[in-house]
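Reproduced below: run-v3.cif, with mmCIF, C-alpha atoms.
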```cif
data_upload
loop_
_atom_site.label_atom_id
_atom_site.label_comp_id
_atom_site.auth_asym_id
_atom_site.auth_seq_id
_atom_site.Cartn_x
_atom_site.Cartn_y
_atom_site.Cartn_z
CA MET A 5 77.24 70.76 168.61
CA LYS A 6 76.59 73.06 165.88
CA THR A 7 79.57 74.88 164.71
CA ASN A 8 79.44 78.17 163.14
CA LYS A 9 80.83 77.82 159.75
CA ILE A 10 82.12 80.99 158.53
CA ILE A 11 83.39 81.37 155.11
CA ALA A 12 85.22 84.51 154.78
CA GLY A 13 85.13 86.36 151.60
CA LEU A 14 87.51 88.82 150.24
CA SER A 15 87.04 92.41 149.78
CA THR A 16 87.65 93.19 146.25
CA LEU A 17 88.87 96.32 144.69
CA ALA A 18 88.49 96.84 141.07
CA MET A 19 90.62 99.20 139.16
CA VAL A 20 87.81 100.32 137.02
CA SER A 21 84.20 100.94 137.70
CA ALA A 22 82.54 98.41 135.50
CA LEU A 23 82.28 95.35 137.67
CA ALA A 24 80.54 92.36 136.23
CA PRO A 25 77.83 90.91 138.44
CA MET A 26 79.31 88.46 140.89
CA SER A 27 78.11 84.90 140.82
CA ALA A 28 76.43 83.84 144.07
CA PHE A 29 76.94 80.33 145.25
CA ALA A 30 75.14 80.09 148.58
CA THR A 31 75.96 76.89 150.39
CA ASN A 32 74.06 75.66 153.40
CA VAL A 33 76.15 73.58 155.77
CA THR A 34 74.19 71.34 158.08
CA PRO A 35 75.01 68.40 160.33
CA ASP A 36 74.85 65.05 158.68
CA THR A 37 73.53 62.00 160.40
CA ASP A 38 76.80 61.74 162.31
CA GLY A 39 76.64 65.31 163.37
CA LYS A 40 79.44 66.32 161.15
CA PRO A 41 79.14 69.37 158.95
CA SER A 42 78.03 68.59 155.51
CA PRO A 43 79.39 69.61 153.23
CA ALA A 44 82.64 69.96 155.08
CA SER A 45 83.81 72.71 152.76
CA ALA A 46 82.31 75.14 150.33
CA GLY A 47 83.69 77.09 147.45
CA PHE A 48 83.57 80.80 147.08
CA GLU A 49 84.32 82.51 143.84
CA VAL A 50 85.96 85.86 143.85
CA LYS A 51 85.72 87.58 140.52
CA TYR A 52 86.29 90.93 139.03
CA ASP A 53 86.93 92.30 135.63
CA VAL A 54 89.77 94.68 134.95
CA ASP A 55 88.81 96.85 132.06
CA PRO A 56 91.44 97.91 129.58
CA SER A 57 93.04 101.19 130.42
CA TYR A 58 95.32 102.99 128.03
CA THR A 59 96.13 106.21 126.26
CA VAL A 60 97.51 106.17 122.76
CA THR A 61 99.04 109.42 121.57
CA ILE A 62 99.26 110.29 117.91
CA PRO A 63 101.65 113.18 117.29
CA ALA A 64 100.10 116.30 115.90
CA GLY A 65 102.61 116.59 113.13
CA VAL A 66 106.16 117.18 112.09
CA ASP A 67 107.95 119.96 110.29
CA ILE A 68 110.75 118.59 108.14
CA THR A 69 111.81 121.89 106.64
CA THR A 70 115.25 121.73 108.21
CA GLY A 71 115.78 118.00 107.89
CA ASP A 72 114.52 114.59 108.84
CA LYS A 73 112.27 114.45 111.87
CA THR A 74 111.09 111.54 113.95
CA ALA A 75 107.67 111.43 115.57
CA SER A 76 106.59 108.74 118.00
CA ILE A 77 103.26 107.04 118.47
CA THR A 78 103.11 106.15 122.12
CA LEU A 79 101.22 104.04 124.63
CA ASN A 80 101.20 105.29 128.18
CA GLU A 81 103.21 103.66 130.94
CA GLY A 82 100.96 101.42 133.01
CA ALA A 83 98.53 100.76 130.21
CA LEU A 84 96.40 97.68 130.81
CA LEU A 85 95.40 95.48 127.93
CA ALA A 86 93.94 92.01 127.85
CA GLU A 87 96.58 89.31 127.66
CA GLY A 88 97.62 88.85 124.06
CA SER A 89 96.10 92.11 122.95
CA LYS A 90 97.93 94.96 121.28
CA ILE A 91 97.12 98.47 120.23
CA GLU A 92 97.50 98.51 116.49
CA VAL A 93 97.98 101.75 114.56
CA VAL A 94 97.58 101.70 110.80
CA LEU A 95 98.56 104.50 108.45
CA ASP A 96 95.14 104.65 106.89
CA LYS A 97 95.63 107.32 104.25
CA GLY A 98 97.12 110.63 103.31
CA ALA A 99 95.24 113.64 102.07
CA TYR A 100 97.09 113.35 98.76
CA THR A 101 98.63 109.91 99.06
CA THR A 102 96.25 107.00 98.80
CA THR A 103 98.65 104.18 97.98
CA GLY A 104 102.31 103.34 98.01
CA ASN A 105 105.29 104.71 99.88
CA ALA A 106 105.89 107.91 97.89
CA PHE A 107 104.06 110.55 99.86
CA THR A 108 103.01 113.90 98.44
CA ALA A 109 102.63 117.21 100.19
CA LYS A 110 101.09 120.24 98.53
CA THR A 111 100.78 123.96 98.96
CA ALA A 112 97.49 125.41 100.10
CA SER A 113 96.56 126.22 96.52
CA GLY A 114 97.37 122.68 95.45
CA ASN A 115 99.43 123.99 92.55
CA SER A 116 102.78 122.81 93.87
CA SER A 117 103.65 119.33 95.06
CA ALA A 118 106.68 117.94 96.83
CA SER A 119 107.53 114.45 97.97
CA TYR A 120 108.58 112.81 101.20
CA GLN A 121 108.91 109.36 102.66
CA ILE A 122 108.52 107.62 105.99
CA ASN A 123 111.17 105.41 107.52
CA GLY A 124 113.28 105.54 104.42
CA GLY A 125 110.45 104.36 102.20
CA ASP A 126 109.63 101.30 104.29
CA VAL A 127 106.20 102.62 105.22
CA LYS A 128 103.36 102.69 102.75
CA VAL A 129 99.71 103.54 103.01
CA GLY A 130 97.86 100.73 104.77
CA ASP A 131 100.82 99.54 106.79
CA VAL A 132 100.70 98.84 110.50
CA VAL A 133 103.05 101.50 111.80
CA ALA A 134 102.76 100.70 115.48
CA SER A 135 101.91 97.58 117.46
CA LEU A 136 101.98 98.57 121.08
CA ASP A 137 101.66 96.72 124.37
CA LYS A 138 103.21 96.84 127.82
CA ASP A 139 106.54 95.77 126.39
CA THR A 140 106.49 98.10 123.39
CA LEU A 141 105.35 101.53 124.39
CA SER A 142 106.30 103.51 121.31
CA ALA A 143 106.92 103.31 117.61
CA ASP A 144 108.98 105.86 115.73
CA LEU A 145 108.22 107.27 112.32
CA THR A 146 110.97 109.21 110.58
CA PHE A 147 109.89 111.64 107.90
CA SER A 148 112.28 112.73 105.16
CA ARG A 149 111.98 114.91 102.12
CA THR A 150 112.74 113.28 98.80
CA THR A 151 113.43 114.58 95.33
CA THR A 152 110.94 112.34 93.57
CA ILE A 153 108.65 115.29 92.98
CA ALA A 154 110.24 118.70 92.59
CA PRO A 155 108.05 121.50 93.91
CA THR A 156 106.87 124.01 91.36
CA TYR A 157 106.79 126.86 93.85
CA ALA A 158 108.46 127.76 97.08
CA GLY A 159 106.31 127.83 100.18
CA THR A 160 104.77 125.54 102.74
CA HIS A 161 103.85 122.08 101.53
CA SER A 162 101.88 119.80 103.81
CA GLU A 163 99.83 116.65 103.97
CA VAL A 164 97.49 115.36 106.63
CA LEU A 165 97.98 111.69 107.45
CA THR A 166 95.18 109.72 109.02
CA PHE A 167 96.04 106.94 111.45
CA LYS A 168 93.54 104.29 112.51
CA VAL A 169 93.84 102.94 116.03
CA SER A 170 92.32 99.64 117.10
CA VAL A 171 92.84 96.82 119.60
CA LYS A 172 93.92 93.52 118.12
CA THR A 173 93.69 90.28 120.01
CA SER A 174 95.91 87.44 118.97
CA MET B 2 136.04 157.07 73.47
CA LYS B 3 134.58 154.55 75.87
CA LYS B 4 131.34 154.79 77.74
CA ILE B 5 131.27 152.47 80.66
CA ILE B 6 128.34 151.82 82.90
CA SER B 7 129.17 149.70 85.86
CA GLY B 8 126.59 147.72 87.69
CA ILE B 9 126.40 145.48 90.65
CA SER B 10 126.54 141.73 90.48
CA ALA B 11 123.96 140.25 92.68
CA LEU B 12 123.46 136.75 93.91
CA ALA B 13 120.48 136.50 96.10
CA MET B 14 118.86 133.71 97.99
CA VAL B 15 116.07 134.39 100.37
CA MET B 16 115.21 132.06 103.19
CA ALA B 17 111.58 132.56 103.93
CA LEU B 18 110.36 129.86 106.22
CA ALA B 19 106.69 129.81 106.75
CA PRO B 20 105.66 129.24 110.34
CA MET B 21 104.44 125.77 111.13
CA SER B 22 100.80 125.38 111.84
CA ALA B 23 99.90 124.77 115.43
CA PHE B 24 98.76 121.23 115.88
CA ALA B 25 97.75 119.31 118.96
CA ASP B 26 98.54 115.71 119.66
CA THR B 27 95.60 113.33 119.53
CA THR B 28 95.06 111.02 122.47
CA ILE B 29 92.94 107.92 122.24
CA LYS B 30 91.72 106.27 125.43
CA GLN B 31 89.96 103.08 126.38
CA THR B 32 86.70 105.01 126.57
CA ASP B 33 86.85 105.76 122.86
CA THR B 34 85.07 103.53 120.42
CA LEU B 35 87.58 101.68 118.31
CA PRO B 36 88.74 101.73 115.66
CA LYS B 37 89.28 105.44 115.88
CA THR B 38 91.19 107.66 113.51
CA ALA B 39 93.55 110.50 114.28
CA ASP B 40 95.12 113.00 111.92
CA SER B 41 98.72 114.08 111.89
CA SER B 42 100.29 116.60 109.57
CA VAL B 43 103.57 116.44 107.71
CA GLU B 44 104.75 119.88 106.75
CA PHE B 45 107.79 121.46 105.22
CA SER B 46 108.69 124.70 103.63
CA VAL B 47 110.40 124.90 100.28
CA ASP B 48 112.74 127.85 100.39
CA PRO B 49 112.75 130.34 97.52
CA THR B 50 115.77 129.97 95.30
CA TYR B 51 117.12 132.05 92.46
CA THR B 52 120.28 133.47 91.01
CA VAL B 53 120.13 136.83 89.28
CA THR B 54 123.26 137.90 87.48
CA ILE B 55 123.86 141.55 86.70
CA PRO B 56 126.62 142.42 84.23
CA ALA B 57 129.55 144.17 85.87
CA LYS B 58 129.72 146.77 83.14
CA VAL B 59 128.43 147.69 79.73
CA THR B 60 130.68 149.47 77.29
CA LEU B 61 128.82 151.57 74.77
CA ALA B 62 129.89 151.73 71.15
CA ASP B 63 129.36 154.36 68.49
CA ASN B 64 126.48 153.46 66.22
CA GLY B 65 128.06 155.49 63.43
CA GLU B 66 125.84 158.49 64.00
CA GLY B 67 127.55 159.84 67.07
CA ILE B 68 125.25 157.99 69.39
CA TYR B 69 126.71 155.38 71.69
CA THR B 70 124.73 152.33 72.67
CA ASN B 71 125.02 148.80 73.89
CA SER B 72 123.13 146.26 75.94
CA GLY B 73 123.83 144.26 79.04
CA THR B 74 121.91 141.14 79.87
CA LEU B 75 120.25 140.41 83.17
CA LYS B 76 120.11 136.68 83.72
CA ALA B 77 117.90 134.77 86.14
CA GLU B 78 118.17 131.05 86.65
CA GLY B 79 116.81 128.49 89.04
CA VAL B 80 113.97 130.80 89.93
CA LYS B 81 111.57 129.15 92.35
CA LEU B 82 109.39 131.55 94.29
CA ALA B 83 106.23 131.28 96.29
CA GLU B 84 103.16 131.15 94.12
CA GLY B 85 102.10 134.65 93.10
CA LYS B 86 105.56 136.13 93.59
CA GLU B 87 108.09 137.47 91.09
CA ILE B 88 111.54 139.00 91.07
CA VAL B 89 111.53 142.67 90.19
CA VAL B 90 114.74 144.37 89.03
CA SER B 91 114.81 148.13 89.16
CA LEU B 92 117.48 150.50 87.89
CA THR B 93 118.47 153.84 89.34
CA SER B 94 121.29 156.28 88.80
CA ALA B 95 122.45 158.78 91.38
CA SER B 96 123.42 161.13 88.55
CA LYS B 97 119.97 160.80 87.03
CA PHE B 98 121.52 158.99 84.11
CA ASN B 99 124.30 161.33 83.17
CA MET B 100 127.83 160.18 82.40
CA GLN B 101 130.93 162.18 83.09
CA THR B 102 134.58 161.84 82.27
CA SER B 103 135.42 162.60 85.88
CA ALA B 104 133.65 163.56 89.06
CA THR B 105 134.71 167.16 88.57
CA SER B 106 133.93 167.51 84.89
CA GLU B 107 131.29 170.04 84.10
CA TYR B 108 129.96 168.37 81.02
CA LYS B 109 127.45 165.58 81.57
CA LEU B 110 126.48 163.22 78.81
CA PRO B 111 122.84 162.20 79.25
CA TYR B 112 121.81 158.69 78.43
CA THR B 113 118.73 156.52 78.65
CA ALA B 114 118.22 152.98 79.80
CA GLU B 115 115.66 150.68 78.25
CA GLY B 116 114.60 147.38 79.78
CA ALA B 117 111.78 144.94 79.27
CA PHE B 118 109.14 147.59 79.73
CA GLY B 119 110.48 150.37 77.54
CA LYS B 120 112.69 153.38 78.16
CA LEU B 121 113.01 154.74 81.69
CA THR B 122 111.48 158.14 81.33
CA ASP B 123 111.72 159.12 84.96
CA LYS B 124 115.44 159.59 85.26
CA GLU B 125 115.23 160.73 88.84
CA ALA B 126 113.35 157.72 90.14
CA GLY B 127 114.56 155.16 87.65
CA GLY B 128 112.27 152.26 87.06
CA ILE B 129 111.70 148.58 86.54
CA VAL B 130 113.82 146.99 83.83
CA ALA B 131 113.06 143.30 84.30
CA LYS B 132 110.84 140.81 86.01
CA PHE B 133 111.49 137.14 86.49
CA ALA B 134 108.87 134.57 87.39
CA THR B 135 109.22 131.04 88.69
CA SER B 136 110.67 128.98 85.89
CA THR B 137 112.90 126.00 85.30
CA THR B 138 114.53 127.71 82.33
CA VAL B 139 117.14 130.45 82.22
CA GLN B 140 115.59 133.86 81.70
CA ASN B 141 117.48 136.68 79.98
CA THR B 142 116.45 140.31 79.74
CA PRO B 143 118.62 142.81 77.87
CA VAL B 144 118.96 146.32 79.17
CA THR B 145 120.08 148.81 76.56
CA PHE B 146 121.91 152.02 77.35
CA THR B 147 121.97 154.78 74.74
CA THR B 148 123.39 158.25 74.91
CA ASP B 149 120.88 160.99 74.29
CA GLU B 150 123.27 163.19 72.37
CA THR B 151 126.63 163.22 70.65
CA PRO B 152 129.37 163.75 73.26
CA LYS B 153 130.80 167.24 73.19
CA TYR B 154 134.22 166.20 74.41
CA ALA B 155 136.49 163.23 74.01
CA GLY B 156 137.17 161.04 76.99
CA THR B 157 135.96 158.04 78.88
CA TYR B 158 132.52 158.64 80.24
CA THR B 159 131.22 156.55 83.08
CA ASP B 160 128.29 156.42 85.41
CA PRO B 161 127.61 153.86 88.14
CA VAL B 162 124.06 152.56 88.21
CA VAL B 163 122.36 150.46 90.80
CA PHE B 164 120.19 147.45 90.12
CA THR B 165 117.83 146.68 92.96
CA ILE B 166 116.40 143.20 93.23
CA GLU B 167 113.22 142.55 95.15
CA VAL B 168 110.71 139.76 95.44
CA GLY B 169 107.17 141.00 95.36
CA ASN B 170 103.66 140.08 94.43
CA ILE B 171 103.04 139.64 90.75
CA THR B 172 101.73 142.90 89.32
CA THR B 173 101.35 144.41 85.92
CA THR B 174 103.90 147.03 84.95
CA ALA B 175 103.27 149.64 82.27
CA GLY B 176 104.66 148.27 79.06
CA GLU B 177 103.84 144.66 79.88
#
```

Hey, can you dump this file as structure tokens for me?
Amino acid sequence: MKTNKIIAGLSTLAMVSALAPMSAFATNVTPDTDGKPSPASAGFEVKYDVDPSYTVTIPAGVDITTGDKTASITLNEGALLAEGSKIEVVLDKGAYTTTGNAFTAKTASGNSSASYQINGGDVKVGDVVASLDKDTLSADLTFSRTTTIAPTYAGTHSEVLTFKVSVKTS
Amino acid sequence: MKKIISGISALAMVMALAPMSAFADTTIKQTDTLPKTADSSVEFSVDPTYTVTIPAKVTLADNGEGIYTNSGTLKAEGVKLAEGKEIVVSLTSASKFNMQTSATSEYKLPYTAEGAFGKLTDKEAGGIVAKFATSTTVQNTPVTFTTDETPKYAGTYTDPVVFTIEVGNITTTAGE
């Protein structure tokens, strides 16, 4: 007697829309010479890709007029990264600071400079300032004024810092 | 006979914080092409600082010709202002620069003040006697007071004057 051989599949739900094409392994089961189903079992591959999902937030800026301020680079709760991957944020450059850990802010005219540091001088241009994953969702940067460069004039001194965000796989 | 002009000692420090620019956080998502850069601004305001010292009084002395004169020194130190700004010191006298031996005395001894930009000719309005710019050095400006005539009577003549200190845009004053 022929037996219906039903191989049940699984309904799959993917968290993201970009599903890779599923491999198709069609297996025909037929009676062997003894009337037994051959092959007696068949494999069925269930596959889906989960695309990375994350939001990295770079703070707009800090005002350290009244004292030290801490700004955080954050990764959202529930972010999905490939196993072993991290979001890496590098302090790429400053508008006036291209190397080192002594940062310079200037007035709009550029005629007055003043200095500041990040994390007590531990951070320099080119450093990885955040390495984020599901276990480490934020990295703090503390900005402090220093007296290395005395401003020539009173007024607002500022510098734009550029951070570079990438995914690193170990 | 003493001629005393009393002034006002002033110690001024202005806190002028500039408003912080409005920034927006940058968010980077999985749909962005990496690596991607984001800018963040570090900003702080350097407060203006300065100390202007006005002599408490100036006692005039006879120059030997019946005219009494002497100078007081306005001192400014640690002056750090916003670019394009300067400290302006003006001098006025409620009596229009006339000394008296008492508030009820009829006789008034006229005198003239002279600062960095010459004699104050408008005795009703007074005028600017000193300007101080941003500098790391101590700045001194003498202000000389001289009677316009020989006093008619003996006595101690006094007149309170007022020094007004303002921070304004750098301008050119007549006499500069």

Mind dumping a table of every chain A residue within 7 Å of chain B, with the nearest atom pair and its distance in Å to one decimal, using only C-alpha atoms, sorted by chain and rising number, as CSV?
```
residue,atom,partner,partner_atom,distance
A:Pro56,CA,B:Gln31,CA,6.3
A:Ser57,CA,B:Gln31,CA,5.4
A:Tyr58,CA,B:Lys30,CA,5.5
A:Thr59,CA,B:Lys30,CA,4.5
A:Val60,CA,B:Ile29,CA,4.9
A:Thr61,CA,B:Thr28,CA,4.4
A:Ile62,CA,B:Thr27,CA,5.0
A:Pro63,CA,B:Asp26,CA,4.7
A:Ala64,CA,B:Asp26,CA,4.1
A:Gly65,CA,B:Ser42,CA,4.2
A:Val66,CA,B:Val43,CA,5.1
A:Asp67,CA,B:Glu44,CA,4.8
A:Ile68,CA,B:Phe45,CA,5.1
A:Thr69,CA,B:Phe45,CA,4.3
A:Tyr157,CA,B:Ala83,CA,5.1
A:Ala158,CA,B:Ala83,CA,4.2
A:Gly159,CA,B:Val47,CA,5.0
A:Thr160,CA,B:Ser46,CA,4.1
A:His161,CA,B:Phe45,CA,5.4
A:Ser162,CA,B:Glu44,CA,4.1
A:Glu163,CA,B:Val43,CA,5.3
A:Val164,CA,B:Ser42,CA,4.2
A:Leu165,CA,B:Ser41,CA,5.1
A:Thr166,CA,B:Asp40,CA,4.4
A:Phe167,CA,B:Ala39,CA,5.2
A:Lys168,CA,B:Thr38,CA,4.2
A:Val169,CA,B:Lys37,CA,5.2
A:Ser170,CA,B:Pro36,CA,4.4
```

Generate a file of the selected residues that holds C-alpha atoms, formatted as an mmCIF file, in the coordinates of the input.
```
data_model
loop_
_atom_site.group_PDB
_atom_site.id
_atom_site.type_symbol
_atom_site.label_atom_id
_atom_site.label_comp_id
_atom_site.auth_asym_id
_atom_site.auth_seq_id
_atom_site.Cartn_x
_atom_site.Cartn_y
_atom_site.Cartn_z
ATOM 1 C CA PRO A 56 91.440 97.910 129.580
ATOM 2 C CA SER A 57 93.040 101.190 130.420
ATOM 3 C CA TYR A 58 95.320 102.990 128.030
ATOM 4 C CA THR A 59 96.130 106.210 126.260
ATOM 5 C CA VAL A 60 97.510 106.170 122.760
ATOM 6 C CA THR A 61 99.040 109.420 121.570
ATOM 7 C CA ILE A 62 99.260 110.290 117.910
ATOM 8 C CA PRO A 63 101.650 113.180 117.290
ATOM 9 C CA ALA A 64 100.100 116.300 115.900
ATOM 10 C CA GLY A 65 102.610 116.590 113.130
ATOM 11 C CA VAL A 66 106.160 117.180 112.090
ATOM 12 C CA ASP A 67 107.950 119.960 110.290
ATOM 13 C CA ILE A 68 110.750 118.590 108.140
ATOM 14 C CA THR A 69 111.810 121.890 106.640
ATOM 15 C CA TYR A 157 106.790 126.860 93.850
ATOM 16 C CA ALA A 158 108.460 127.760 97.080
ATOM 17 C CA GLY A 159 106.310 127.830 100.180
ATOM 18 C CA THR A 160 104.770 125.540 102.740
ATOM 19 C CA HIS A 161 103.850 122.080 101.530
ATOM 20 C CA SER A 162 101.880 119.800 103.810
ATOM 21 C CA GLU A 163 99.830 116.650 103.970
ATOM 22 C CA VAL A 164 97.490 115.360 106.630
ATOM 23 C CA LEU A 165 97.980 111.690 107.450
ATOM 24 C CA THR A 166 95.180 109.720 109.020
ATOM 25 C CA PHE A 167 96.040 106.940 111.450
ATOM 26 C CA LYS A 168 93.540 104.290 112.510
ATOM 27 C CA VAL A 169 93.840 102.940 116.030
ATOM 28 C CA SER A 170 92.320 99.640 117.100
#
```

Nearest-residue call for A:Ser174, choices A:Asn115, A:Thr31, A:Thr152, A:Ser135, using all atoms listed in the file |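 Closest to A:Ser174, using all atoms listed in the file: A:Ser135.
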
Between atom CA of A:Lys172 and atom CA of A:Lys51, distance in Å (one decimal) =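 Separation between atom CA of A:Lys172 and atom CA of A:Lys51: 24.6 Å.
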
Starting from the shown file, work through the PyMOL selection byres ((chain A and resi 72-74) around 8) and note down what comes out as a list in words.
->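 For this structure, the PyMOL selection byres ((chain A and resi 72-74) around 8) captures Val66, Asp67, Ile68, Thr70, Gly71, Ala75, Ser76, Asp144, Leu145, Thr146, Phe147, Ser148 and Arg149 of chain A.
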
Once the PyMOL selection byres ((chain B and resi 129) around 8) has been applied to the shown file, what residues remain in the selection, as an MDAnalysis selection string?
-> chainID B and resid 89:92 116 118 121 127:128 130:132

A:Val129, A:Ile122, A:Leu141, A:Ile153 ranked by distance to A:Leu79, top pick (using all atoms listed in the file) =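 Among the listed residues, A:Leu141 lies closest to A:Leu79.
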
From A:Ala109, A:Ala118, A:Val94, A:Ala143, residue lying nearest A:Asp131 [all atoms listed in the file] |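 Smallest distance to A:Asp131 is found for A:Val94.
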
What is the distance, in Å and to one decimal place, between atom CA of A:Gly130 and atom CA of A:Val171?
->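 Straight-line distance from atom CA of A:Gly130 to atom CA of A:Val171 works out to 16.1 Å.
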
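The residues caught by the PyMOL selection byres ((chain A and resi 44) around 10) in this file are Lys9, Val33, Thr34, Pro35, Asp36, Lys40, Pro41, Ser42, Pro43, Ser45 and Ala46 of chain A.
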
May I have the residues from that selection written out with C-alpha atoms, as a PDB file, in the coordinates of the input?
```
ATOM      1  CA  LYS A   9      80.830  77.820 159.750  1.00  0.00           C
ATOM      2  CA  VAL A  33      76.150  73.580 155.770  1.00  0.00           C
ATOM      3  CA  THR A  34      74.190  71.340 158.080  1.00  0.00           C
ATOM      4  CA  PRO A  35      75.010  68.400 160.330  1.00  0.00           C
ATOM      5  CA  ASP A  36      74.850  65.050 158.680  1.00  0.00           C
ATOM      6  CA  LYS A  40      79.440  66.320 161.150  1.00  0.00           C
ATOM      7  CA  PRO A  41      79.140  69.370 158.950  1.00  0.00           C
ATOM      8  CA  SER A  42      78.030  68.590 155.510  1.00  0.00           C
ATOM      9  CA  PRO A  43      79.390  69.610 153.230  1.00  0.00           C
ATOM     10  CA  SER A  45      83.810  72.710 152.760  1.00  0.00           C
ATOM     11  CA  ALA A  46      82.310  75.140 150.330  1.00  0.00           C
TER      12      ALA A  46
END
```

What is the distance between atom CA of B:Val53 and atom CA of B:Glu167, in Å to one decimal?
->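 Between these atoms lies a distance of 10.7 Å.
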
Please output stretch 93-108 of chain B, rebuilt to include N, CA and C atoms, as an mmCIF file, in the coordinates of the input.
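Result file is rebuild_10.cif:
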```cif
data_model
loop_
_atom_site.group_PDB
_atom_site.id
_atom_site.type_symbol
_atom_site.label_atom_id
_atom_site.label_comp_id
_atom_site.auth_asym_id
_atom_site.auth_seq_id
_atom_site.Cartn_x
_atom_site.Cartn_y
_atom_site.Cartn_z
ATOM 1 N N THR B 93 118.394 152.419 88.986
ATOM 2 C CA THR B 93 118.470 153.840 89.340
ATOM 3 C C THR B 93 119.885 154.342 89.090
ATOM 4 N N SER B 94 119.987 155.642 88.984
ATOM 5 C CA SER B 94 121.290 156.280 88.800
ATOM 6 C C SER B 94 121.316 157.531 89.672
ATOM 7 N N ALA B 95 122.346 157.615 90.491
ATOM 8 C CA ALA B 95 122.450 158.780 91.380
ATOM 9 C C ALA B 95 122.608 160.071 90.587
ATOM 10 N N SER B 96 123.205 159.941 89.383
ATOM 11 C CA SER B 96 123.420 161.130 88.550
ATOM 12 C C SER B 96 122.212 161.450 87.688
ATOM 13 N N LYS B 97 121.175 160.670 87.871
ATOM 14 C CA LYS B 97 119.970 160.800 87.030
ATOM 15 C C LYS B 97 120.316 160.510 85.572
ATOM 16 N N PHE B 98 121.147 159.503 85.419
ATOM 17 C CA PHE B 98 121.520 158.990 84.110
ATOM 18 C C PHE B 98 122.289 160.027 83.280
ATOM 19 N N ASN B 99 123.368 160.449 83.874
ATOM 20 C CA ASN B 99 124.300 161.330 83.170
ATOM 21 C C ASN B 99 125.716 160.795 83.383
ATOM 22 N N MET B 100 126.446 160.643 82.300
ATOM 23 C CA MET B 100 127.830 160.180 82.400
ATOM 24 C C MET B 100 128.766 161.367 82.411
ATOM 25 N N GLN B 101 129.901 161.148 83.052
ATOM 26 C CA GLN B 101 130.930 162.180 83.090
ATOM 27 C C GLN B 101 132.286 161.527 82.844
ATOM 28 N N THR B 102 133.229 162.354 82.438
ATOM 29 C CA THR B 102 134.580 161.840 82.270
ATOM 30 C C THR B 102 135.311 161.795 83.606
ATOM 31 N N SER B 103 134.877 162.655 84.529
ATOM 32 C CA SER B 103 135.420 162.600 85.880
ATOM 33 C C SER B 103 134.398 163.219 86.820
ATOM 34 N N ALA B 104 134.616 163.044 88.089
ATOM 35 C CA ALA B 104 133.650 163.560 89.060
ATOM 36 C C ALA B 104 133.597 165.082 89.053
ATOM 37 N N THR B 105 134.656 165.686 88.549
ATOM 38 C CA THR B 105 134.710 167.160 88.570
ATOM 39 C C THR B 105 134.398 167.788 87.225
ATOM 40 N N SER B 106 134.200 166.939 86.219
ATOM 41 C CA SER B 106 133.930 167.510 84.890
ATOM 42 C C SER B 106 132.573 168.190 84.865
ATOM 43 N N GLU B 107 132.545 169.277 84.165
ATOM 44 C CA GLU B 107 131.290 170.040 84.100
ATOM 45 C C GLU B 107 130.303 169.427 83.115
ATOM 46 N N TYR B 108 130.853 168.902 82.056
ATOM 47 C CA TYR B 108 129.960 168.370 81.020
ATOM 48 C C TYR B 108 129.408 167.008 81.427
#
```
